[in-house]
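J.: Below you will find the structure I want to go over with you.
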Amino acid sequence: MKRILLSAFAAGFGTIAIAETAPSDVTFGDYGQVEMSVSGAAGDPAAGREIMANRGKGNCIACHQVTALEEFPFHGEVGPSLDGAGSRWEESDLRGIVTNAKMTFPESVMPAFYMVDGFIRPGNGYTGKAAEGPLDPILTAQEIEDVVAYLMTLQD
Amino acid sequence: MKKTLLSASAVCLAMAVPFGSVMADENADLIINGELEITVRAPAPAHMEGSGISEIMSGWVFRATETQAFEMDDFENPGMIFTEAAIDAWNTVEGEAGESCASCHGTPEDMAGVSAVYPRWNEGAGEVRTMTTQINDCRTEQMGAEAWDYDKNDMLNMQALLASVSRGMPVDVAIDGPAAETWEMGRELYYTRTGQLDLSCANCHEQNYGNLIRADHLSQGMINGFPTYRLNNARLNGVHSRFRGCVRDTRAETYSVGSPEFVALELYVASRGNGLSVEGPSVRN
């Protein structure tokens with residue numbers, strides 16, 4: 001029912017761009033899940049796949065093993081394997097974890113990929129110098145959605 | 001036949017993997033020049049109780065077999081070349097007082113054991129001194145010479161020389177008494193998550209040592225092998241510069257090389273290695 005309503009809504013207002021949610025305005029559920037797309041649009045799993053492996057973007061395989069990404073060398077062991085992640089989790093759970101994993105796992109070492117404040121000594125990228133002005137999130141809203149869409153393709 | 005083929009292909013695969021990746025022999029023992037035994041595994045010091053680490057390990061343990069081999073023979077260890085330049089500096093008179101290091105301290109070998117106990121509280125100065133600040137104090141106050149830059153060539157060469165004459169001796173850094181306050185500050189820094197990646201030293205080097213992070217094999221972050229010759233940049237590296245690189249990689253504003261924060265962190269991290277051998281100049285990737 002909810003889906004039908006949403007579809008009707010989208011159809012009715014199809015010409016109006018749906019605003020993305022700023023990092024500080026993301027609403028987390030009780031278990032750290034994020035229900036709504038943070039970009040307001042659907043994710044592109046093919047783009048998400050690239051972000052997963054790109055060292056300058058998500059670099060998810062720095063810490064996670066993903067069998068479907070074996071063409072990219074050197075998968076880390078710090079976090080759990082993401083094989084089957086799309087079967088184990090709801091999309092909203094994965095969105096919450098990628099946005100800020102500590103809302104789901106408070107002790108996690110995983111960085112928050114869509115967060116811009118609350119850090120100790122935030123830097124200006126990887127320069128070692130102090131940040132100048134407001135931070136950009138590590139991933140954009142659409143990149144978050146792309147990664148989530150890709151993770152949903154990782155089925156058992 | 002099938003087995004032979006499999007073995008052959010395994011060898012080929014192994015050789016395609018670059019330095020520092022997955023091939024560490026974590027059970028290897030380090031004996032330098034066939035005679036100098038280096039303690040690369042030891043029981044964790046008492047202050048690490050509750051850290052989850054019961055055995056402390058030198059970073060050498062986590063390196064690839066080829067990288068490990070560099071350190072097993074002084075003629076293969078590129079870091080040892082720099083100690084020769086430092087021997088010249090040791091014997092060179094510099095400054096208004098007309099003194100060299102040798103004037104007061106004799107031979108470099110007479111300094112055996114010094115590197116093992118630094119950083120160390122200096123009562124006269126009322127502060128914790130690193131080898132760097134102590135050497136520079138000698139240069140400016142005793143010799144009337146210019147201070148050397150922190151973590152730069154002259155200083156790292158001399159530290160490599162002084163570490164080399166202490167190799168095999170156990171790191172034994174004092175953390176109590178007047179050093180305790182600085183040590184506590186260092187401990188606090190070790191467990192503080194910084195930067196946009198929100199990572200502490202402990203996140204990687206206490207919780208995840210032994211795991212791969214991309215192609216890097218995470219060590220316990222021990223500093224008993226400093227100064228360290230890195231194959232990555234082909235030179236000696238100082239402790240604070242290494243700290244700086246790690247903190248930078250958390251997308252944080254780093255502390256400065258030589259800052260009170262890094263002096264405190266050096267004391268704390270050194271104390272986590274109490275019981276390992278002094279190993280500098282070590283070789284890492």
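Convention: chains lettered A, B, ... in structure tokens order; per-chain residue numbering from 1; ligands numbered from 1 as shown.
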Please identify which residues in region 3-239 of chain B DSSP calls strand (DSSP E) from the backbone, and express them as a ChimeraX atom specification.
T.: /B:30-32,36-38,41-43,55-57,120-122,127-129,212-213,216-217,228-230,235-237
J.: Quick one: which region 9-95 of chain A residues come within 12 Å of region 202-206 of chain B, and what is the nearest atom pair for each with the distance in Å to one decimal, counting only C-alpha atoms, rows ordered by chain and ascending number, as a Markdown table?
T.:
```
| residue | atom | partner | partner_atom | distance |
| --- | --- | --- | --- | --- |
| A:Cys63 | CA | B:Cys204 | CA | 10.9 |
| A:Glu77 | CA | B:Cys204 | CA | 11.3 |
| A:Val78 | CA | B:Cys204 | CA | 8.5 |
| A:Gly79 | CA | B:Cys204 | CA | 11.5 |
```
J.: Write a file of the selected residues as a PDB file, in the first residue's frame, keeping N, CA and C atoms.
T.:
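To be explicit, this is the file written out as out-v5.pdb:
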```pdb
ATOM      1  N   CYS A  63      38.032  -2.519   3.649  1.00  0.00           N
ATOM      2  CA  CYS A  63      37.733  -3.232   4.896  1.00  0.00           C
ATOM      3  C   CYS A  63      36.861  -4.472   4.703  1.00  0.00           C
ATOM      4  N   GLU A  77      39.951  -7.089   5.662  1.00  0.00           N
ATOM      5  CA  GLU A  77      39.400  -8.064   6.622  1.00  0.00           C
ATOM      6  C   GLU A  77      38.880  -7.382   7.892  1.00  0.00           C
ATOM      7  N   VAL A  78      38.824  -6.059   7.870  1.00  0.00           N
ATOM      8  CA  VAL A  78      38.467  -5.332   9.082  1.00  0.00           C
ATOM      9  C   VAL A  78      36.974  -5.475   9.388  1.00  0.00           C
ATOM     10  N   GLY A  79      36.154  -5.389   8.358  1.00  0.00           N
ATOM     11  CA  GLY A  79      34.713  -5.554   8.536  1.00  0.00           C
ATOM     12  C   GLY A  79      34.260  -6.897   7.983  1.00  0.00           C
TER      13      GLY A  79
END
```
J.: At a cut-off of 10 Å, list the chain A residues touching chain B, using only C-alpha atoms, as a ChimeraX atom specification.
T.: /A:55,59-65,73-79,107-113,115-131,135-138
J.: Could you list, as a list in words, every residue within 12 Å of Thr21 (chain A), counting only C-alpha atoms and ignoring same-chain residues fewer than 4 positions away?
T.: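 The filter keeps Asp25, Val26, Thr27, Val34, Glu35, Met36, Ser37, Val38, Ser39, Gly40, Ala41, Thr99, Tyr114, Met115, Thr140, Ala141, Gln142, Ile144 and Glu145 of chain A.
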J.: Tell me, as a list in words, which residues lie within 9 Å of Gly113 (chain B), counting only C-alpha atoms; anything in the same chain fewer than 2 positions away does not count.
T.: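 Here the answer would be Asp110, Met111, Ser115, Ala116, Val117, Leu162, Ala163, Val165, Ser166, Arg167, Met169, Pro170, Val171 and Val278 of chain B.
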J.: In Å to one decimal, how far is CA of Tyr190 (chain B) from CA of Val269 (chain B)?
T.: 8.0 Å
J.: Which residues are close to Ile51 (chain A), i.e. within 10 Å by only C-alpha atoms, leaving aside same-chain residues fewer than 2 positions away? Reply as JSON, numbers by chain.
T.: {"A": [45, 46, 47, 48, 49, 53, 54, 55, 56, 57, 58, 59, 60, 61, 139, 143, 144, 146, 147, 150]}
J.: With N, CA and C atoms retained, write the just-selected residues as a CSV table (one decimal), in the first residue's frame.
T.:
```csv
chain,number,residue,atom,x,y,z
A,45,PRO,N,22.9,0.9,-9.3
A,45,PRO,CA,23.8,-0.1,-8.8
A,45,PRO,C,25.1,-0.1,-9.5
A,46,ALA,N,25.1,0.2,-10.8
A,46,ALA,CA,26.4,0.2,-11.6
A,46,ALA,C,27.3,1.2,-11.1
A,47,ALA,N,26.8,2.4,-10.8
A,47,ALA,CA,27.6,3.5,-10.3
A,47,ALA,C,28.1,3.1,-8.9
A,48,GLY,N,27.2,2.5,-8.1
A,48,GLY,CA,27.5,2.1,-6.8
A,48,GLY,C,28.7,1.1,-6.7
A,49,ARG,N,28.7,0.2,-7.7
A,49,ARG,CA,29.8,-0.8,-7.8
A,49,ARG,C,31.1,-0.1,-8.0
A,53,ALA,N,34.7,0.3,-5.0
A,53,ALA,CA,36.1,-0.1,-5.3
A,53,ALA,C,37.0,1.1,-5.3
A,54,ASN,N,36.5,2.3,-5.6
A,54,ASN,CA,37.3,3.5,-5.8
A,54,ASN,C,37.9,4.0,-4.5
A,55,ARG,N,39.2,4.0,-4.5
A,55,ARG,CA,39.9,4.4,-3.2
A,55,ARG,C,39.6,5.9,-2.8
A,56,GLY,N,39.2,6.7,-3.8
A,56,GLY,CA,38.9,8.1,-3.5
A,56,GLY,C,37.4,8.3,-3.2
A,57,LYS,N,36.7,7.2,-3.2
A,57,LYS,CA,35.2,7.3,-3.0
A,57,LYS,C,34.8,6.5,-1.7
A,58,GLY,N,34.1,5.4,-2.0
A,58,GLY,CA,33.7,4.6,-0.8
A,58,GLY,C,34.9,3.7,-0.3
A,59,ASN,N,35.6,3.2,-1.3
A,59,ASN,CA,36.7,2.3,-0.9
A,59,ASN,C,36.2,1.2,0.1
A,60,CYS,N,35.0,0.7,-0.2
A,60,CYS,CA,34.4,-0.2,0.8
A,60,CYS,C,35.3,-1.5,0.9
A,61,ILE,N,35.9,-1.9,-0.2
A,61,ILE,CA,36.7,-3.2,-0.1
A,61,ILE,C,38.0,-3.0,0.6
A,139,LEU,N,30.8,10.8,0.9
A,139,LEU,CA,30.0,10.5,-0.4
A,139,LEU,C,28.8,11.5,-0.5
A,143,GLU,N,25.5,9.3,-4.2
A,143,GLU,CA,26.5,8.2,-4.1
A,143,GLU,C,26.1,7.2,-3.0
A,144,ILE,N,25.5,7.8,-1.9
A,144,ILE,CA,25.0,6.9,-0.9
A,144,ILE,C,23.9,6.0,-1.5
A,146,ASP,N,23.5,5.1,-4.6
A,146,ASP,CA,24.1,4.2,-5.5
A,146,ASP,C,24.7,3.0,-4.8
A,147,VAL,N,25.4,3.3,-3.7
A,147,VAL,CA,26.1,2.2,-3.0
A,147,VAL,C,25.0,1.3,-2.4
A,150,TYR,N,23.6,-0.9,-5.0
A,150,TYR,CA,24.5,-2.0,-5.3
A,150,TYR,C,24.5,-3.1,-4.2
```
J.: When you look at Asn285 (chain B) with a cut-off of 9 Å (counting only C-alpha atoms), what residues show up, excluding the ones that are within fewer than 5 positions of it in the same chain? I need them as a list of chain:residue names.
T.: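 Counting only the stated atoms, we get B:Phe19, B:Gly20, B:Arg63, B:Ala64, B:Thr67, B:Tyr229, B:Arg230, B:Leu231, B:Asn232, B:Asn233.
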J.: Could you take the residues named above and write them with C-alpha atoms, as a PDB file, in the first residue's frame?
T.:
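Listing of selection00.pdb after writing:
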```pdb
ATOM      1  CA  PHE B  19      55.934  -6.139  -0.867  1.00  0.00           C
ATOM      2  CA  GLY B  20      53.970  -5.881   2.289  1.00  0.00           C
ATOM      3  CA  ARG B  63      55.863  -7.769   7.021  1.00  0.00           C
ATOM      4  CA  ALA B  64      56.322  -9.890   3.933  1.00  0.00           C
ATOM      5  CA  THR B  67      60.860  -7.297   3.626  1.00  0.00           C
ATOM      6  CA  TYR B 229      63.827   2.542   6.659  1.00  0.00           C
ATOM      7  CA  ARG B 230      60.718   2.297   4.471  1.00  0.00           C
ATOM      8  CA  LEU B 231      60.906   0.693   1.065  1.00  0.00           C
ATOM      9  CA  ASN B 232      57.960   2.952   0.125  1.00  0.00           C
ATOM     10  CA  ASN B 233      59.954   6.171   0.398  1.00  0.00           C
TER      11      ASN B 233
END
```
